[in-house]
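Scroll down for the structure; my scribbles are underneath it.
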Amino acid sequence: MAGATAGARISGALLPEPRLEGAGDEQLSNEDKLSVCSKLCYGIGGAPNQAASSATSFFLQIFLLDIAMITPFHTSLVLFIGKTWGAAADPVAGYLISKSKRTKIGLLMPWLLGTTPFLIVSYFFLWYCPSVIEAKDVWYMAFFCLFQALSTLFHVPYTALVMFLSADQKERDSATAYRMGFEGLGTLVGATLQVSMVSDAHSSDHCNDSVDNMDSPTNLYGNSSSVPDMSEANKKLYMIAGGTISVLYIIGIIALCAGVREKVDPYALKSDQQIPFLQGHKLALMFGPYVKLAASFLLISTAVQIVQNNFVLFCSAATNLHNHIDYLVLIVLISAALSVPCWQWFLNKYGKKTTAGGISLMIPASTLLVFFPEPAVAYLSAGVSGISIAASLLLPWSMLPDVVDYFRVQNPNSVGHETIFYASYTFFHKMSAGIGLGISAASLNLAGFKSGVCKQSHSVVIMLKVLVGAVPSILVPLGLFILIFYPINEETRQETKHALERRRRRASILCENEEITPL
């Protein structure tokens, strides 16, 4: 609260005239109003990237283990290095964007247009099984790293774009809700396409329970003579699914170009100076509200990633839910997509910090599934988990603009910090995914997971139960505990909003009286 007061005093030095209020505010409000079409197009633009990320989160690990036949150790290397590479690309993306020049279509839109074609190619080849390359782990590591880096170059400007759609907090929150809703829908579409196309590759019908030696890789398909044919067919299924999801990127970029207009910074003055990139990152990492937000959701996101990565394996290897996997995944995604508007209403009414408590629903849901792996319990657990996951995805992206505004109040003469904060947060989000993937694959390797077998050892079953049940029960409460000390509440948001409006009016006065244009 002290920081907010100090920030308000800084902005108070701008000395807006009382006569500027009233009609001028109404005009500014109309300018900030976003049409439903713009919000829809903004949301659609991010859906393909989320669909691709969802498919990799749910199916890449089992694809590498069961289809590409890579050992658990090399799988853990591919997943961890790929995610780490993507995380390392975040500050690079922020640096490149901060150094780029504004064009006729904006500062961020050219990056979205430029990365899309390469994203399509890299994602398709991530699911392609090369027959002439023996070092398959190198192939998948290369394309997973490439996909993660390109996804970052798309995701950073896309998420930062919300700061340039409107200066009004409620409009940005609404646009973020649209984005999260469509990303949830993209996750649903991506997983549905992936499940419908590759479910036969992991069907329990391929296993012959009457065969005594269940640890033989040939028994995954019932008999040794059918292994090559089934293996090639399964590879084609994954390749077709990868190509189908790749096409969604074309739809997304068309929507962005058609319905989204990037605006200039409404608070920037001609005298403002661009924050140097390294100095900006240092300021971000030392900014208390941001550090608390990032640390909290680093733990929560890691828990979500671990559950996502191991959910399919848990159902197929640790329970008798083989025939329910498709429907359970869809229940998780449908409940997540449908609950986003409900969470948006809840956070508007009760505040964002209060809404964060809904993330804890994941704990009883995952614990219940581990101890009672029956179909009815599994479906209930999947629905509740989806609701919890929706809150964990919506809240950080809804709270990050508040942090950026709060920083702007305390650093009123700087510009260019938006992409720095978004790139930095995306780095931590990617790190949580990399940590989750690395922990999952390394734990399974330690437990003795064997690729291509119908029945895993008891130690693997226990490890899957720990990953799905115990890990989120530890990480989620820790993350929520850190969030208690997050200083930005609804009162602080209003103080920040008024301080920025005073600055905005001053910028408007200078434009009119001195005939200068905001940067």
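In the structure tokens, each chain is lettered A, B, ... as it comes, each chain's residues begin at 1, and ligands are numbered from 1 in order of appearance.
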
Could you name the residues that touch Lys450 in chain A at 10 Å or less, counting only C-alpha atoms, but leaving out those on the same chain fewer than 2 positions away, as a PyMOL selection string?
chain A and resi 65-66+69-72+215-217+444-445+447-448+452-457+460

Could you take the residues named above and write them with all heavy atoms, as a CSV table (one decimal), in the first residue's frame?
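Okay, this is what ended up in part-v2.csv:
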chain,number,residue,atom,x,y,z
A,65,LEU,N,7.8,-42.1,-26.0
A,65,LEU,CA,8.1,-43.3,-25.3
A,65,LEU,C,7.5,-44.5,-26.0
A,65,LEU,O,8.2,-45.5,-26.2
A,65,LEU,CB,7.5,-43.3,-23.9
A,65,LEU,CG,8.1,-42.4,-22.8
A,65,LEU,CD1,7.3,-42.3,-21.6
A,65,LEU,CD2,9.5,-42.8,-22.5
A,66,ASP,N,6.3,-44.4,-26.5
A,66,ASP,CA,5.6,-45.6,-27.1
A,66,ASP,C,5.6,-45.6,-28.6
A,66,ASP,O,5.5,-46.7,-29.2
A,66,ASP,CB,4.1,-45.6,-26.6
A,66,ASP,CG,3.9,-46.2,-25.2
A,66,ASP,OD1,5.0,-46.6,-24.7
A,66,ASP,OD2,2.8,-46.1,-24.7
A,69,MET,N,9.7,-44.8,-29.6
A,69,MET,CA,10.5,-45.8,-28.9
A,69,MET,C,11.8,-45.2,-28.4
A,69,MET,O,12.9,-45.8,-28.6
A,69,MET,CB,10.8,-47.0,-29.8
A,69,MET,CG,9.6,-47.8,-30.1
A,69,MET,SD,8.9,-48.6,-28.6
A,69,MET,CE,7.7,-49.7,-29.3
A,70,ILE,N,11.8,-44.0,-27.8
A,70,ILE,CA,12.9,-43.4,-27.2
A,70,ILE,C,12.9,-43.7,-25.7
A,70,ILE,O,11.9,-43.8,-25.1
A,70,ILE,CB,12.9,-41.8,-27.4
A,70,ILE,CG1,13.0,-41.5,-28.9
A,70,ILE,CG2,14.1,-41.2,-26.6
A,70,ILE,CD1,12.9,-40.0,-29.1
A,71,THR,N,14.1,-44.0,-25.1
A,71,THR,CA,14.2,-44.4,-23.7
A,71,THR,C,13.7,-43.3,-22.8
A,71,THR,O,13.7,-42.1,-23.2
A,71,THR,CB,15.6,-44.7,-23.4
A,71,THR,OG1,16.4,-43.5,-23.5
A,71,THR,CG2,16.2,-45.8,-24.3
A,72,PRO,N,13.3,-43.6,-21.6
A,72,PRO,CA,12.8,-42.5,-20.7
A,72,PRO,C,13.9,-41.5,-20.4
A,72,PRO,O,13.6,-40.3,-20.3
A,72,PRO,CB,12.5,-43.3,-19.4
A,72,PRO,CG,12.1,-44.7,-19.9
A,72,PRO,CD,13.0,-44.9,-21.1
A,215,ASP,N,6.2,-58.2,-20.4
A,215,ASP,CA,7.2,-57.2,-20.5
A,215,ASP,C,7.9,-57.2,-21.9
A,215,ASP,O,8.7,-56.3,-22.2
A,215,ASP,CB,8.3,-57.4,-19.5
A,215,ASP,CG,7.8,-57.0,-18.1
A,215,ASP,OD1,6.8,-56.3,-18.0
A,215,ASP,OD2,8.4,-57.5,-17.1
A,216,SER,N,7.5,-58.1,-22.8
A,216,SER,CA,8.0,-58.1,-24.1
A,216,SER,C,7.4,-57.0,-25.0
A,216,SER,O,6.2,-56.8,-25.0
A,216,SER,CB,7.7,-59.4,-24.8
A,216,SER,OG,8.1,-59.4,-26.2
A,217,PRO,N,8.2,-56.1,-25.6
A,217,PRO,CA,7.7,-55.0,-26.4
A,217,PRO,C,6.8,-55.5,-27.5
A,217,PRO,O,5.9,-54.7,-27.9
A,217,PRO,CB,9.0,-54.4,-27.0
A,217,PRO,CG,10.1,-54.8,-26.1
A,217,PRO,CD,9.7,-56.1,-25.6
A,444,LEU,N,9.9,-41.2,-13.8
A,444,LEU,CA,9.6,-42.4,-14.4
A,444,LEU,C,10.8,-43.3,-14.7
A,444,LEU,O,10.8,-44.5,-14.6
A,444,LEU,CB,8.7,-42.2,-15.6
A,444,LEU,CG,7.3,-41.5,-15.4
A,444,LEU,CD1,6.7,-41.2,-16.7
A,444,LEU,CD2,6.5,-42.5,-14.6
A,445,ASN,N,11.8,-42.6,-15.2
A,445,ASN,CA,13.1,-43.4,-15.5
A,445,ASN,C,13.6,-44.0,-14.2
A,445,ASN,O,14.1,-45.2,-14.2
A,445,ASN,CB,14.1,-42.4,-16.1
A,445,ASN,CG,15.4,-43.1,-16.5
A,445,ASN,OD1,15.3,-44.1,-17.3
A,445,ASN,ND2,16.5,-42.7,-16.0
A,447,ALA,N,12.0,-44.9,-11.6
A,447,ALA,CA,11.1,-46.0,-11.2
A,447,ALA,C,11.1,-47.2,-12.1
A,447,ALA,O,10.6,-48.2,-11.7
A,447,ALA,CB,9.6,-45.5,-11.1
A,448,GLY,N,11.8,-47.1,-13.2
A,448,GLY,CA,12.0,-48.3,-14.1
A,448,GLY,C,10.9,-48.4,-15.2
A,448,GLY,O,10.6,-49.5,-15.6
A,452,GLY,N,6.9,-49.3,-24.5
A,452,GLY,CA,6.3,-50.3,-25.4
A,452,GLY,C,5.8,-51.6,-24.7
A,452,GLY,O,5.5,-52.6,-25.4
A,453,VAL,N,5.6,-51.6,-23.4
A,453,VAL,CA,5.1,-52.7,-22.7
A,453,VAL,C,3.7,-52.4,-22.3
A,453,VAL,O,3.3,-51.3,-22.1
A,453,VAL,CB,6.0,-53.1,-21.5
A,453,VAL,CG1,7.4,-53.4,-21.9
A,453,VAL,CG2,5.9,-52.0,-20.4
A,454,CYS,N,2.9,-53.5,-22.1
A,454,CYS,CA,1.5,-53.3,-21.7
A,454,CYS,C,1.3,-53.1,-20.2
A,454,CYS,O,0.4,-52.5,-19.8
A,454,CYS,CB,0.7,-54.6,-22.1
A,454,CYS,SG,0.6,-54.8,-23.9
A,455,LYS,N,2.2,-53.7,-19.4
A,455,LYS,CA,2.1,-53.6,-18.0
A,455,LYS,C,3.3,-53.1,-17.3
A,455,LYS,O,4.4,-53.7,-17.5
A,455,LYS,CB,1.7,-55.0,-17.4
A,455,LYS,CG,1.4,-55.0,-15.9
A,455,LYS,CD,0.9,-56.3,-15.4
A,455,LYS,CE,0.5,-56.3,-14.0
A,455,LYS,NZ,0.1,-57.7,-13.5
A,456,GLN,N,3.2,-52.0,-16.6
A,456,GLN,CA,4.4,-51.4,-15.9
A,456,GLN,C,4.6,-52.0,-14.5
A,456,GLN,O,3.7,-52.6,-14.0
A,456,GLN,CB,4.2,-49.9,-15.8
A,456,GLN,CG,4.2,-49.2,-17.2
A,456,GLN,CD,5.5,-49.2,-17.9
A,456,GLN,OE1,6.5,-49.5,-17.4
A,456,GLN,NE2,5.4,-49.1,-19.3
A,457,SER,N,5.8,-51.9,-14.0
A,457,SER,CA,6.1,-52.4,-12.7
A,457,SER,C,5.3,-51.7,-11.6
A,457,SER,O,4.8,-50.6,-11.8
A,457,SER,CB,7.6,-52.3,-12.4
A,457,SER,OG,8.0,-51.0,-12.3
A,460,VAL,N,6.6,-48.1,-10.9
A,460,VAL,CA,6.1,-47.1,-11.8
A,460,VAL,C,4.7,-46.6,-11.4
A,460,VAL,O,4.4,-45.4,-11.5
A,460,VAL,CB,6.2,-47.7,-13.2
A,460,VAL,CG1,5.5,-46.7,-14.2
A,460,VAL,CG2,7.6,-47.9,-13.7

I want to know what sits within 8 Å of Arg493 in chain A, based on only C-alpha atoms, with residues of the same chain fewer than 5 positions away left out; could you give that as a PyMOL selection string?
chain A and resi 402+406+488

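Taking only C-alpha atoms into account, Leu475 in chain A lies nearest to A:Val307 out of the set A:Val307, A:Val92, A:Val156, A:Leu112.
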
Write out as an NGL selection string each polymer residue whose atoms come within 7 Å of Ala318 in chain A, counting only C-alpha atoms; drop sequence neighbours fewer than 3 positions from it.
:A and (314-315 or 461)

Once you have the residues from the selection above, write them out as a PDB file, in the first residue's frame, restricted to C-alpha atoms.
ATOM      1  CA  PHE A 314      -1.605 -42.617 -15.089  1.00  0.00           C
ATOM      2  CA  CYS A 315      -4.924 -43.691 -16.597  1.00  0.00           C
ATOM      3  CA  VAL A 461       2.482 -47.226 -10.651  1.00  0.00           C
TER       4      VAL A 461
END

Point out the residue among A:Gly184, A:Gly469, A:Gly82, A:Pro117 with the least atom-to-atom distance to Ala303 in chain A, counting only C-alpha atoms.
A:Gly469

Lys353 in chain A surroundings by only C-alpha atoms, 12 Å radius, close-in-sequence under 6 positions cut, as JSON, numbers by chain:
{"A": [293, 296, 343, 346, 347, 359, 391, 392, 395, 396, 398, 399, 480, 481, 482, 483, 484, 485, 486, 487, 488, 489, 490]}

If you count only C-alpha atoms, which residues fall within 12 Å of Gly252 in chain A, apart from same-chain ones fewer than 3 positions away, as a ChimeraX atom specification?
/A:40-51,112-113,116-117,120,154,158,179,182-183,186,245-249,255-260

Test item: residues at most 10 Å from Leu368 in chain A, only C-alpha atoms, excluding those fewer than 2 positions along its chain, as a PDB file with all heavy atoms, in the first residue's frame:
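Saved to result.pdb:
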ATOM      1  N   MET A 362      -7.915 -28.311  -7.235  1.00  0.00           N
ATOM      2  CA  MET A 362      -7.125 -29.363  -7.863  1.00  0.00           C
ATOM      3  C   MET A 362      -6.673 -30.419  -6.851  1.00  0.00           C
ATOM      4  O   MET A 362      -6.520 -31.603  -7.199  1.00  0.00           O
ATOM      5  CB  MET A 362      -5.888 -28.752  -8.541  1.00  0.00           C
ATOM      6  CG  MET A 362      -5.004 -29.746  -9.267  1.00  0.00           C
ATOM      7  SD  MET A 362      -3.498 -28.959  -9.882  1.00  0.00           S
ATOM      8  CE  MET A 362      -4.196 -27.685 -10.913  1.00  0.00           C
ATOM      9  N   ILE A 363      -6.460 -30.013  -5.619  1.00  0.00           N
ATOM     10  CA  ILE A 363      -5.907 -30.927  -4.609  1.00  0.00           C
ATOM     11  C   ILE A 363      -6.879 -32.062  -4.289  1.00  0.00           C
ATOM     12  O   ILE A 363      -6.512 -33.243  -4.427  1.00  0.00           O
ATOM     13  CB  ILE A 363      -5.523 -30.143  -3.337  1.00  0.00           C
ATOM     14  CG1 ILE A 363      -4.444 -29.101  -3.679  1.00  0.00           C
ATOM     15  CG2 ILE A 363      -5.029 -31.095  -2.256  1.00  0.00           C
ATOM     16  CD1 ILE A 363      -4.112 -28.183  -2.515  1.00  0.00           C
ATOM     17  N   PRO A 364      -8.126 -31.784  -3.870  1.00  0.00           N
ATOM     18  CA  PRO A 364      -9.036 -32.914  -3.607  1.00  0.00           C
ATOM     19  C   PRO A 364      -9.362 -33.697  -4.873  1.00  0.00           C
ATOM     20  O   PRO A 364      -9.591 -34.910  -4.800  1.00  0.00           O
ATOM     21  CB  PRO A 364     -10.281 -32.242  -3.030  1.00  0.00           C
ATOM     22  CG  PRO A 364     -10.216 -30.830  -3.484  1.00  0.00           C
ATOM     23  CD  PRO A 364      -8.770 -30.491  -3.552  1.00  0.00           C
ATOM     24  N   ALA A 365      -9.392 -33.035  -6.033  1.00  0.00           N
ATOM     25  CA  ALA A 365      -9.723 -33.739  -7.272  1.00  0.00           C
ATOM     26  C   ALA A 365      -8.659 -34.779  -7.616  1.00  0.00           C
ATOM     27  O   ALA A 365      -8.978 -35.944  -7.916  1.00  0.00           O
ATOM     28  CB  ALA A 365      -9.871 -32.740  -8.416  1.00  0.00           C
ATOM     29  N   SER A 366      -7.386 -34.387  -7.571  1.00  0.00           N
ATOM     30  CA  SER A 366      -6.317 -35.321  -7.915  1.00  0.00           C
ATOM     31  C   SER A 366      -6.146 -36.401  -6.842  1.00  0.00           C
ATOM     32  O   SER A 366      -5.891 -37.568  -7.153  1.00  0.00           O
ATOM     33  CB  SER A 366      -4.999 -34.562  -8.111  1.00  0.00           C
ATOM     34  OG  SER A 366      -4.651 -33.841  -6.940  1.00  0.00           O
ATOM     35  N   VAL A 370      -6.502 -40.602  -7.281  1.00  0.00           N
ATOM     36  CA  VAL A 370      -5.430 -41.532  -6.929  1.00  0.00           C
ATOM     37  C   VAL A 370      -5.941 -42.650  -6.022  1.00  0.00           C
ATOM     38  O   VAL A 370      -5.609 -43.829  -6.212  1.00  0.00           O
ATOM     39  CB  VAL A 370      -4.265 -40.770  -6.265  1.00  0.00           C
ATOM     40  CG1 VAL A 370      -3.284 -41.752  -5.615  1.00  0.00           C
ATOM     41  CG2 VAL A 370      -3.541 -39.911  -7.291  1.00  0.00           C
ATOM     42  N   PHE A 371      -6.767 -42.315  -5.037  1.00  0.00           N
ATOM     43  CA  PHE A 371      -7.218 -43.309  -4.066  1.00  0.00           C
ATOM     44  C   PHE A 371      -8.455 -44.089  -4.533  1.00  0.00           C
ATOM     45  O   PHE A 371      -8.664 -45.218  -4.088  1.00  0.00           O
ATOM     46  CB  PHE A 371      -7.512 -42.629  -2.721  1.00  0.00           C
ATOM     47  CG  PHE A 371      -6.285 -42.242  -1.957  1.00  0.00           C
ATOM     48  CD1 PHE A 371      -5.836 -40.930  -1.941  1.00  0.00           C
ATOM     49  CD2 PHE A 371      -5.547 -43.189  -1.264  1.00  0.00           C
ATOM     50  CE1 PHE A 371      -4.695 -40.562  -1.245  1.00  0.00           C
ATOM     51  CE2 PHE A 371      -4.401 -42.844  -0.562  1.00  0.00           C
ATOM     52  CZ  PHE A 371      -3.981 -41.530  -0.555  1.00  0.00           C
ATOM     53  N   PHE A 372      -9.242 -43.496  -5.422  1.00  0.00           N
ATOM     54  CA  PHE A 372     -10.447 -44.173  -5.912  1.00  0.00           C
ATOM     55  C   PHE A 372     -10.512 -44.088  -7.442  1.00  0.00           C
ATOM     56  O   PHE A 372     -11.315 -43.332  -7.989  1.00  0.00           O
ATOM     57  CB  PHE A 372     -11.710 -43.550  -5.288  1.00  0.00           C
ATOM     58  CG  PHE A 372     -11.695 -43.530  -3.791  1.00  0.00           C
ATOM     59  CD1 PHE A 372     -11.348 -42.376  -3.100  1.00  0.00           C
ATOM     60  CD2 PHE A 372     -12.030 -44.673  -3.067  1.00  0.00           C
ATOM     61  CE1 PHE A 372     -11.339 -42.354  -1.724  1.00  0.00           C
ATOM     62  CE2 PHE A 372     -12.018 -44.655  -1.679  1.00  0.00           C
ATOM     63  CZ  PHE A 372     -11.670 -43.496  -1.001  1.00  0.00           C
ATOM     64  N   PRO A 373      -9.658 -44.839  -8.129  1.00  0.00           N
ATOM     65  CA  PRO A 373      -9.584 -44.754  -9.596  1.00  0.00           C
ATOM     66  C   PRO A 373     -10.717 -45.501 -10.299  1.00  0.00           C
ATOM     67  O   PRO A 373     -10.481 -46.384 -11.129  1.00  0.00           O
ATOM     68  CB  PRO A 373      -8.218 -45.375  -9.895  1.00  0.00           C
ATOM     69  CG  PRO A 373      -8.012 -46.374  -8.806  1.00  0.00           C
ATOM     70  CD  PRO A 373      -8.650 -45.785  -7.580  1.00  0.00           C
ATOM     71  N   GLU A 374     -11.929 -45.149  -9.958  1.00  0.00           N
ATOM     72  CA  GLU A 374     -13.105 -45.723 -10.596  1.00  0.00           C
ATOM     73  C   GLU A 374     -13.651 -44.743 -11.636  1.00  0.00           C
ATOM     74  O   GLU A 374     -13.449 -43.526 -11.514  1.00  0.00           O
ATOM     75  CB  GLU A 374     -14.176 -46.039  -9.553  1.00  0.00           C
ATOM     76  CG  GLU A 374     -13.746 -47.038  -8.497  1.00  0.00           C
ATOM     77  CD  GLU A 374     -13.434 -48.413  -9.095  1.00  0.00           C
ATOM     78  OE1 GLU A 374     -14.071 -48.769 -10.111  1.00  0.00           O
ATOM     79  OE2 GLU A 374     -12.559 -49.110  -8.552  1.00  0.00           O
ATOM     80  N   VAL A 377     -15.693 -41.685 -10.253  1.00  0.00           N
ATOM     81  CA  VAL A 377     -14.809 -40.764  -9.532  1.00  0.00           C
ATOM     82  C   VAL A 377     -13.883 -40.042 -10.506  1.00  0.00           C
ATOM     83  O   VAL A 377     -13.606 -38.842 -10.365  1.00  0.00           O
ATOM     84  CB  VAL A 377     -13.997 -41.526  -8.470  1.00  0.00           C
ATOM     85  CG1 VAL A 377     -12.981 -40.599  -7.800  1.00  0.00           C
ATOM     86  CG2 VAL A 377     -14.919 -42.140  -7.434  1.00  0.00           C
ATOM     87  N   ALA A 378     -13.404 -40.761 -11.509  1.00  0.00           N
ATOM     88  CA  ALA A 378     -12.483 -40.176 -12.483  1.00  0.00           C
ATOM     89  C   ALA A 378     -13.152 -39.037 -13.247  1.00  0.00           C
ATOM     90  O   ALA A 378     -12.540 -37.982 -13.476  1.00  0.00           O
ATOM     91  CB  ALA A 378     -11.993 -41.255 -13.450  1.00  0.00           C
ATOM     92  N   LEU A 380     -15.723 -37.186 -12.258  1.00  0.00           N
ATOM     93  CA  LEU A 380     -15.908 -36.077 -11.325  1.00  0.00           C
ATOM     94  C   LEU A 380     -14.597 -35.334 -11.103  1.00  0.00           C
ATOM     95  O   LEU A 380     -14.546 -34.087 -11.126  1.00  0.00           O
ATOM     96  CB  LEU A 380     -16.448 -36.603  -9.997  1.00  0.00           C
ATOM     97  CG  LEU A 380     -16.579 -35.573  -8.859  1.00  0.00           C
ATOM     98  CD1 LEU A 380     -17.571 -34.480  -9.228  1.00  0.00           C
ATOM     99  CD2 LEU A 380     -16.992 -36.265  -7.558  1.00  0.00           C
ATOM    100  N   SER A 381     -13.526 -36.094 -10.911  1.00  0.00           N
ATOM    101  CA  SER A 381     -12.213 -35.496 -10.700  1.00  0.00           C
ATOM    102  C   SER A 381     -11.757 -34.702 -11.923  1.00  0.00           C
ATOM    103  O   SER A 381     -11.186 -33.611 -11.791  1.00  0.00           O
ATOM    104  CB  SER A 381     -11.187 -36.596 -10.387  1.00  0.00           C
ATOM    105  OG  SER A 381      -9.885 -36.062 -10.281  1.00  0.00           O
ATOM    106  N   GLY A 469      -0.984 -37.144  -7.588  1.00  0.00           N
ATOM    107  CA  GLY A 469      -1.671 -36.822  -6.352  1.00  0.00           C
ATOM    108  C   GLY A 469      -0.880 -36.000  -5.358  1.00  0.00           C
ATOM    109  O   GLY A 469      -1.359 -34.960  -4.877  1.00  0.00           O
TER     110      GLY A 469
END
